[in-house]
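Participant: Dropping in final.cif, with mmCIF, C-alpha atoms.
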data_run
loop_
_atom_site.label_atom_id
_atom_site.label_comp_id
_atom_site.auth_asym_id
_atom_site.auth_seq_id
_atom_site.Cartn_x
_atom_site.Cartn_y
_atom_site.Cartn_z
CA MET A 1 113.49 119.60 108.41
CA SER A 2 114.18 120.98 104.95
CA SER A 3 113.28 119.14 101.82
CA GLY A 4 115.00 120.92 98.96
CA GLU A 5 111.48 121.04 97.52
CA ALA A 6 111.43 124.73 96.69
CA MET A 7 114.22 124.54 94.15
CA ASN A 8 113.11 121.20 92.84
CA ASN A 9 109.49 121.21 91.92
CA GLU A 10 110.69 120.38 88.42
CA LEU A 11 111.82 116.98 89.71
CA LYS A 12 109.68 113.95 90.20
CA ILE A 13 110.55 111.30 92.77
CA GLU A 14 109.25 107.76 92.68
CA LEU A 15 109.65 105.03 95.24
CA SER A 16 109.62 101.40 94.20
CA ARG A 17 109.40 98.33 96.35
CA ARG A 18 109.72 94.66 95.39
CA TYR A 19 107.62 91.87 96.82
CA ARG A 20 107.56 88.16 96.17
CA PHE A 21 104.80 85.60 95.98
CA SER A 22 104.50 82.07 94.69
CA ALA A 23 101.39 80.86 92.93
CA SER A 24 100.18 78.32 90.45
CA HIS A 25 98.21 78.88 87.29
CA ARG A 26 97.04 77.21 84.12
CA LEU A 27 96.58 79.07 80.87
CA HIS A 28 93.35 77.83 79.35
CA SER A 29 90.56 79.65 77.58
CA PRO A 30 87.02 78.25 77.55
CA HIS A 31 86.54 80.06 74.23
CA LEU A 32 89.08 77.84 72.49
CA THR A 33 88.98 74.15 71.65
CA GLU A 34 91.28 71.67 73.37
CA GLU A 35 93.53 71.67 70.31
CA GLU A 36 93.61 75.44 70.08
CA ASN A 37 94.38 75.78 73.81
CA CYS A 38 97.21 73.32 73.41
CA ARG A 39 98.54 75.11 70.33
CA VAL A 40 98.26 78.63 71.80
CA PHE A 41 99.42 78.00 75.36
CA GLY A 42 101.71 75.01 74.89
CA LYS A 43 102.93 73.48 78.14
CA CYS A 44 101.25 76.31 80.08
CA ASN A 45 98.03 74.48 79.18
CA ASN A 46 99.03 71.23 80.90
CA PRO A 47 95.90 70.11 82.75
CA TYR A 48 97.01 70.40 86.36
CA GLY A 49 98.75 73.75 86.10
CA HIS A 50 102.19 74.79 87.29
CA GLY A 51 103.67 77.57 89.38
CA HIS A 52 106.07 80.49 89.48
CA ASN A 53 107.93 82.58 91.99
CA TYR A 54 106.59 85.98 91.00
CA VAL A 55 108.33 89.24 91.78
CA LEU A 56 106.05 92.25 92.05
CA GLU A 57 107.54 95.73 91.76
CA VAL A 58 105.27 98.57 92.91
CA SER A 59 106.18 102.16 91.96
CA MET A 60 104.59 105.14 93.70
CA SER A 61 105.05 108.87 93.31
CA GLY A 62 104.14 111.85 95.44
CA ASP A 63 105.52 114.73 97.41
CA VAL A 64 108.36 113.90 99.76
CA ASP A 65 107.15 114.84 103.24
CA PRO A 66 109.82 117.15 104.72
CA ALA A 67 109.22 115.73 108.21
CA THR A 68 109.88 112.13 107.23
CA GLY A 69 111.80 112.36 103.96
CA MET A 70 109.34 109.86 102.54
CA ILE A 71 106.75 109.70 99.77
CA ALA A 72 104.92 107.08 101.81
CA ASN A 73 105.80 105.12 104.89
CA LEU A 74 106.98 101.69 103.81
CA ALA A 75 105.17 100.05 106.70
CA ASP A 76 101.88 101.43 105.30
CA LEU A 77 102.71 100.30 101.77
CA ASP A 78 103.82 96.86 102.94
CA ALA A 79 100.62 96.37 104.93
CA PHE A 80 98.49 97.51 101.98
CA VAL A 81 100.23 95.24 99.47
CA GLU A 82 100.03 92.35 101.91
CA ARG A 83 96.30 92.87 102.36
CA GLN A 84 95.40 93.58 98.73
CA VAL A 85 97.69 91.16 96.92
CA LEU A 86 100.13 88.95 98.77
CA GLY A 87 97.66 87.57 101.29
CA GLU A 88 95.31 86.55 98.50
CA PHE A 89 97.83 85.39 95.90
CA ASP A 90 100.75 83.84 97.77
CA HIS A 91 100.70 80.04 97.79
CA LYS A 92 97.38 80.03 95.98
CA SER A 93 96.04 78.88 92.64
CA LEU A 94 95.39 82.01 90.60
CA ASN A 95 92.72 80.19 88.56
CA GLU A 96 90.86 78.79 91.54
CA ASP A 97 91.47 81.26 94.33
CA VAL A 98 91.33 84.68 92.64
CA PRO A 99 87.82 85.50 91.41
CA ALA A 100 89.03 87.63 88.47
CA PHE A 101 90.71 84.59 86.92
CA ARG A 102 87.58 82.52 86.81
CA GLU A 103 86.74 84.65 83.75
CA LYS A 104 90.15 85.71 82.48
CA VAL A 105 93.21 83.68 81.57
CA PRO A 106 95.82 84.26 84.31
CA THR A 107 98.60 85.34 82.00
CA THR A 108 101.06 87.72 83.58
CA GLU A 109 99.57 90.50 81.42
CA ASN A 110 96.18 89.95 83.06
CA LEU A 111 97.84 89.48 86.43
CA CYS A 112 99.45 92.93 86.04
CA ILE A 113 96.09 94.53 85.31
CA GLU A 114 94.43 92.78 88.26
CA ILE A 115 97.20 93.78 90.68
CA PHE A 116 97.16 97.37 89.43
CA GLN A 117 93.40 97.55 90.08
CA ARG A 118 93.94 96.20 93.58
CA LEU A 119 96.70 98.67 94.43
CA LYS A 120 95.57 101.90 92.78
CA SER A 121 93.52 102.93 95.80
CA PHE A 122 96.60 103.19 98.05
CA PRO A 123 95.69 106.33 99.98
CA LYS A 124 99.14 107.75 100.76
CA ALA A 125 100.73 108.10 97.30
CA LYS A 126 99.97 107.78 93.61
CA LEU A 127 100.43 104.37 92.04
CA GLU A 128 102.58 104.97 88.94
CA ARG A 129 102.98 101.45 87.64
CA ILE A 130 103.56 97.88 88.58
CA ARG A 131 105.90 95.34 87.09
CA VAL A 132 105.50 91.60 87.49
CA GLN A 133 108.35 89.27 86.80
CA GLU A 134 107.11 85.76 86.07
CA THR A 135 110.58 84.28 85.67
CA GLY A 136 114.01 85.80 85.42
CA ASN A 137 113.41 86.09 81.68
CA ASN A 138 109.86 87.47 81.51
CA SER A 139 108.48 90.63 83.02
CA PHE A 140 105.40 92.71 82.35
CA GLU A 141 104.47 96.27 83.27
CA PHE A 142 101.17 98.09 83.55
CA ALA A 143 100.52 101.74 84.33
CA GLY A 144 96.77 101.86 83.75
CA ASP A 145 95.84 104.89 81.69
CA ASN A 146 98.61 106.81 83.39
CA LEU A 147 100.90 107.44 80.44
CA GLU A 148 103.41 109.24 82.62
CA GLY A 149 103.81 105.98 84.49
CA ASN A 150 105.22 104.29 81.41
CA ARG A 151 108.86 104.97 82.04
CA PRO A 152 111.79 103.49 80.22
CA MET B 1 117.43 109.29 71.45
CA VAL B 2 119.62 106.75 73.21
CA LEU B 3 119.73 106.12 76.94
CA LEU B 4 122.99 105.11 78.56
CA THR B 5 123.22 103.82 82.11
CA ARG B 6 126.19 103.42 84.40
CA LYS B 7 126.06 101.67 87.75
CA ILE B 8 128.19 102.25 90.84
CA GLU B 9 127.99 100.98 94.39
CA PHE B 10 128.80 102.69 97.63
CA ALA B 11 128.45 101.79 101.30
CA ALA B 12 127.20 104.30 103.85
CA SER B 13 125.49 104.58 107.19
CA HIS B 14 122.49 106.64 108.21
CA ILE B 15 119.76 107.08 110.78
CA TYR B 16 116.20 108.34 110.39
CA HIS B 17 115.47 110.84 113.12
CA ASN B 18 113.56 114.11 113.05
CA PRO B 19 114.54 116.34 116.00
CA ASN B 20 111.20 118.15 115.73
CA LEU B 21 109.34 114.99 116.70
CA SER B 22 109.21 113.24 120.06
CA ALA B 23 111.17 110.07 120.70
CA GLU B 24 107.92 108.11 120.53
CA GLU B 25 106.90 109.66 117.24
CA ASN B 26 110.32 108.98 115.74
CA ARG B 27 110.05 105.39 116.86
CA ARG B 28 106.55 104.98 115.50
CA ILE B 29 107.27 106.55 112.10
CA PHE B 30 110.76 105.25 111.43
CA GLY B 31 110.79 101.95 113.31
CA LYS B 32 114.18 100.25 113.38
CA CYS B 33 115.57 102.93 111.05
CA ASN B 34 115.46 105.11 114.16
CA ASN B 35 117.81 102.89 116.20
CA PRO B 36 120.04 105.39 118.00
CA HIS B 37 123.41 104.42 116.60
CA GLY B 38 122.31 104.19 112.98
CA HIS B 39 122.91 101.41 110.49
CA GLY B 40 124.19 101.05 106.94
CA HIS B 41 123.52 99.81 103.44
CA ASN B 42 125.29 98.89 100.26
CA TYR B 43 123.70 101.36 97.90
CA THR B 44 123.56 100.78 94.16
CA LEU B 45 123.25 103.84 91.98
CA GLU B 46 122.19 103.73 88.34
CA VAL B 47 122.66 106.93 86.40
CA THR B 48 120.96 107.21 83.01
CA VAL B 49 121.96 109.85 80.46
CA GLU B 50 119.92 110.60 77.35
CA GLY B 51 121.19 111.95 74.06
CA GLU B 52 122.05 111.34 70.44
CA PRO B 53 125.28 109.49 69.72
CA ASP B 54 127.99 111.80 68.43
CA PRO B 55 128.46 111.06 64.70
CA VAL B 56 132.24 110.91 65.07
CA THR B 57 132.68 108.96 68.32
CA GLY B 58 129.38 107.07 68.36
CA MET B 59 128.99 108.05 72.02
CA VAL B 60 126.26 109.90 73.88
CA LEU B 61 129.01 110.84 76.30
CA ASP B 62 132.40 109.43 77.09
CA LEU B 63 131.92 106.74 79.76
CA LYS B 64 135.29 107.63 81.24
CA GLU B 65 134.04 111.13 81.84
CA LEU B 66 130.81 109.85 83.43
CA LYS B 67 132.88 107.54 85.63
CA GLU B 68 134.99 110.48 86.79
CA ILE B 69 131.94 112.61 87.51
CA LEU B 70 130.40 109.80 89.58
CA GLU B 71 133.66 109.25 91.43
CA ARG B 72 134.03 112.93 92.27
CA GLU B 73 130.43 113.84 93.01
CA VAL B 74 129.10 110.65 94.61
CA MET B 75 131.83 108.23 95.67
CA GLN B 76 134.08 110.79 97.33
CA ARG B 77 131.11 112.38 99.09
CA MET B 78 129.17 109.32 100.20
CA ASP B 79 131.20 106.12 100.07
CA HIS B 80 132.05 104.86 103.56
CA ARG B 81 130.47 107.96 105.07
CA HIS B 82 127.67 108.67 107.49
CA LEU B 83 125.01 110.34 105.36
CA ASN B 84 123.53 112.37 108.23
CA TYR B 85 126.78 113.80 109.55
CA GLU B 86 129.23 113.88 106.67
CA VAL B 87 127.27 114.85 103.57
CA ALA B 88 126.57 118.58 103.64
CA GLU B 89 123.94 118.39 100.89
CA LEU B 90 121.81 116.11 103.08
CA ALA B 91 122.08 118.25 106.21
CA GLY B 92 118.68 118.85 107.75
CA GLN B 93 117.03 116.15 105.63
CA ILE B 94 116.11 112.60 106.54
CA PRO B 95 118.48 110.54 104.35
CA THR B 96 115.81 108.37 102.78
CA CYS B 97 116.22 106.85 99.34
CA GLU B 98 113.94 109.60 98.01
CA ASN B 99 116.07 112.43 99.42
CA ILE B 100 119.42 110.86 98.53
CA ALA B 101 118.28 110.27 94.95
CA ARG B 102 117.23 113.91 94.67
CA VAL B 103 120.51 115.17 96.11
CA ILE B 104 122.44 112.98 93.68
CA TRP B 105 120.35 114.38 90.82
CA GLN B 106 121.19 117.92 91.96
CA LEU B 107 124.89 117.09 92.14
CA LEU B 108 125.06 115.38 88.76
CA GLU B 109 122.69 117.40 86.63
CA PRO B 110 124.94 120.46 86.19
CA LYS B 111 128.05 118.32 85.63
CA ILE B 112 126.71 116.30 82.73
CA THR B 113 127.27 118.52 79.75
CA GLN B 114 127.28 115.95 76.95
CA GLY B 115 123.81 114.47 76.71
CA ARG B 116 121.36 115.19 79.50
CA LEU B 117 120.68 113.49 82.82
CA HIS B 118 117.58 111.36 82.35
CA ARG B 119 117.16 109.33 85.52
CA VAL B 120 118.83 108.68 88.85
CA ARG B 121 117.87 105.38 90.41
CA LEU B 122 119.16 104.61 93.88
CA TYR B 123 118.77 101.16 95.41
CA GLU B 124 119.01 100.91 99.17
CA SER B 125 118.54 97.16 98.84
CA PRO B 126 117.51 94.96 95.92
CA ASP B 127 113.89 95.39 97.04
CA LEU B 128 113.74 99.13 97.59
CA PHE B 129 114.72 101.98 95.32
CA ALA B 130 113.89 105.56 94.41
CA ASP B 131 113.90 107.17 90.97
CA CYS B 132 114.40 110.84 90.27
CA TYR B 133 113.26 112.26 86.92
CA ARG B 134 112.68 115.63 85.40
CA ASN B 135 108.98 116.26 85.90
CA GLY B 136 107.02 115.45 82.75
CA ALA B 137 110.11 114.02 81.08
CA SER B 138 108.59 110.63 80.56
CA ALA B 139 106.44 111.39 77.52
CA ALA B 140 109.22 113.25 75.75
CA GLY B 141 111.97 111.14 77.20
CA LYS B 142 110.62 107.75 76.33
CA PRO B 143 112.50 106.37 73.37
#
Can you present the structure in this file as structure tokens?
Facilitator:
Amino acid sequence: MSSGEAMNNELKIELSRRYRFSASHRLHSPHLTEEENCRVFGKCNNPYGHGHNYVLEVSMSGDVDPATGMIANLADLDAFVERQVLGEFDHKSLNEDVPAFREKVPTTENLCIEIFQRLKSFPKAKLERIRVQETGNNSFEFAGDNLEGNRP
Amino acid sequence: MVLLTRKIEFAASHIYHNPNLSAEENRRIFGKCNNPHGHGHNYTLEVTVEGEPDPVTGMVLDLKELKEILEREVMQRMDHRHLNYEVAELAGQIPTCENIARVIWQLLEPKITQGRLHRVRLYESPDLFADCYRNGASAAGKP
């Protein structure tokens, strides 16, 4: 099978896949007083937490395999994301169930960084960036130190 | 620099099958995308053009012109077509999102003469899409 690769090594192809998970969190920093927590985090500091339906967008790059037409087989990516992220985050409390958030406030910024760390070892393609949508109105992106991953 | 994006939708069928692989290998690699009679999607295409707005018209390029280019190069070629059998540019390639996005880039890039093609994003479904960029464009291309 041909790939059109020869005439197109000046082009870069990325593949992005969206996943969904639902989780609860509470924004609270042990380094702040009760008043400061309340002032900084507002209702996100309510004592019993709350939840979101998160949308995770994972973007990978790599050479398109001429035999398959793919950067990476989606079944491999799906299984990896399921194992590294969804299985551990979906229908969980981020504060209680994810070790990283015993130390860090589970804002979506920190969630992005944590998910990026968990996905960057995907063996079949290069992780360019991830985007996490907390609600329809808020989304956050992280590309690690991979500046090329910061795309408009 | 300003980025301008236009979106179009087209419907097409395809099948993932590599004749150089055995039936079992095709099945294992492509799964249900290898079902013998193919299947289809509603594709959404977002085309982003970069450039400076013209001081007289205020436009990076005339949207009417972009619409016509997309109609001619993409819609007439791919809408309500079978991507494996009816799109010459995809002949011999597996019509994945990655390959279709690249072919669309190749079709559009020489036709866009006002501004410059910045990104082709092709959605096969709301949860799966491919982007095609000029390699290394991101640092320079990011506004």
Participant: Restricting the calculation to only C-alpha atoms, which member of B:Arg81, B:Lys64, B:Arg102, B:Arg116 is positioned closest to chain A?
Facilitator: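 The closest residue to chain A is B:Arg102.
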Participant: Please return, as an MDAnalysis selection string, all residues of chain B lying within 6 Å of chain A when all atoms listed in the file are considered.
Facilitator: chainID B and resid 92:94 96 127:135 138 142
Participant: Would you mind reading off the distance between CA of Cys97 (chain B) and CA of Phe10 (chain B), one decimal, in Å?
Facilitator: 13.4 Å
Participant: What's the 6 Å shell around region 43-60 of chain B, counting all atoms listed in the file, without same-chain residues fewer than 5 positions away, as a count of residues only?
Facilitator: 21
Participant: Rounded to one decimal in Å, what is the spacing between CA of Gln114 (chain B) and CA of Glu68 (chain B)?
Facilitator: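 CA of Gln114 (chain B) sits 13.6 Å away from CA of Glu68 (chain B).
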Participant: So what do you get for CA of Asn35 (chain B) versus CA of Val87 (chain B), distance-wise?
Facilitator: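 Value for the CA of Asn35 (chain B)-CA of Val87 (chain B) distance: 19.8 Å.
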Participant: May I have the residues within 12 Å of Ala100 (chain A) as a PDB file with C-alpha atoms, keeping the file's coordinate frame, using only C-alpha atoms and disregarding those fewer than 2 positions away in the same chain?
Facilitator:
ATOM      1  CA  GLU A  88      95.310  86.550  98.500  1.00  0.00           C
ATOM      2  CA  PHE A  89      97.830  85.390  95.900  1.00  0.00           C
ATOM      3  CA  SER A  93      96.040  78.880  92.640  1.00  0.00           C
ATOM      4  CA  LEU A  94      95.390  82.010  90.600  1.00  0.00           C
ATOM      5  CA  ASN A  95      92.720  80.190  88.560  1.00  0.00           C
ATOM      6  CA  GLU A  96      90.860  78.790  91.540  1.00  0.00           C
ATOM      7  CA  ASP A  97      91.470  81.260  94.330  1.00  0.00           C
ATOM      8  CA  VAL A  98      91.330  84.680  92.640  1.00  0.00           C
ATOM      9  CA  ARG A 102      87.580  82.520  86.810  1.00  0.00           C
ATOM     10  CA  GLU A 103      86.740  84.650  83.750  1.00  0.00           C
ATOM     11  CA  LYS A 104      90.150  85.710  82.480  1.00  0.00           C
ATOM     12  CA  VAL A 105      93.210  83.680  81.570  1.00  0.00           C
ATOM     13  CA  PRO A 106      95.820  84.260  84.310  1.00  0.00           C
ATOM     14  CA  THR A 107      98.600  85.340  82.000  1.00  0.00           C
ATOM     15  CA  ASN A 110      96.180  89.950  83.060  1.00  0.00           C
ATOM     16  CA  LEU A 111      97.840  89.480  86.430  1.00  0.00           C
ATOM     17  CA  CYS A 112      99.450  92.930  86.040  1.00  0.00           C
ATOM     18  CA  ILE A 113      96.090  94.530  85.310  1.00  0.00           C
ATOM     19  CA  GLU A 114      94.430  92.780  88.260  1.00  0.00           C
ATOM     20  CA  ILE A 115      97.200  93.780  90.680  1.00  0.00           C
ATOM     21  CA  GLN A 117      93.400  97.550  90.080  1.00  0.00           C
ATOM     22  CA  ARG A 118      93.940  96.200  93.580  1.00  0.00           C
TER      23      ARG A 118
END
Participant: List as a count of residues only the protein and nucleic acid residues near Glu34 (chain A), meaning an atom at most 12 Å away when all atoms listed in the file are counted, but skip any in the same chain fewer than 6 places from it.
Facilitator: 8
Participant: Please evaluate the PyMOL selection byres ((chain B and resi 40) around 12) against the displayed coordinates and give the resulting residues as number ranges by chain.
Facilitator: B: 10-16, 32-33, 35, 37-39, 41-43, 78-84, 95-96, 124-125
Participant: Please write as a compact mmCIF listing (two decimals) with C-alpha atoms, keeping the file's coordinate frame the full residue list that the PyMOL selection byres ((chain A and resi 87) around 12) yields on this file.
Facilitator:
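Result went into part.txt, see below:
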# COMPACT_ATOMS: atom_id res chain seq x y z
CA TYR A 19 107.62 91.87 96.82
CA ARG A 20 107.56 88.16 96.17
CA PHE A 21 104.80 85.60 95.98
CA SER A 22 104.50 82.07 94.69
CA ALA A 23 101.39 80.86 92.93
CA ASP A 78 103.82 96.86 102.94
CA ALA A 79 100.62 96.37 104.93
CA PHE A 80 98.49 97.51 101.98
CA VAL A 81 100.23 95.24 99.47
CA GLU A 82 100.03 92.35 101.91
CA ARG A 83 96.30 92.87 102.36
CA GLN A 84 95.40 93.58 98.73
CA VAL A 85 97.69 91.16 96.92
CA LEU A 86 100.13 88.95 98.77
CA GLU A 88 95.31 86.55 98.50
CA PHE A 89 97.83 85.39 95.90
CA ASP A 90 100.75 83.84 97.77
CA HIS A 91 100.70 80.04 97.79
CA LYS A 92 97.38 80.03 95.98
CA ASP A 97 91.47 81.26 94.33
CA VAL A 98 91.33 84.68 92.64
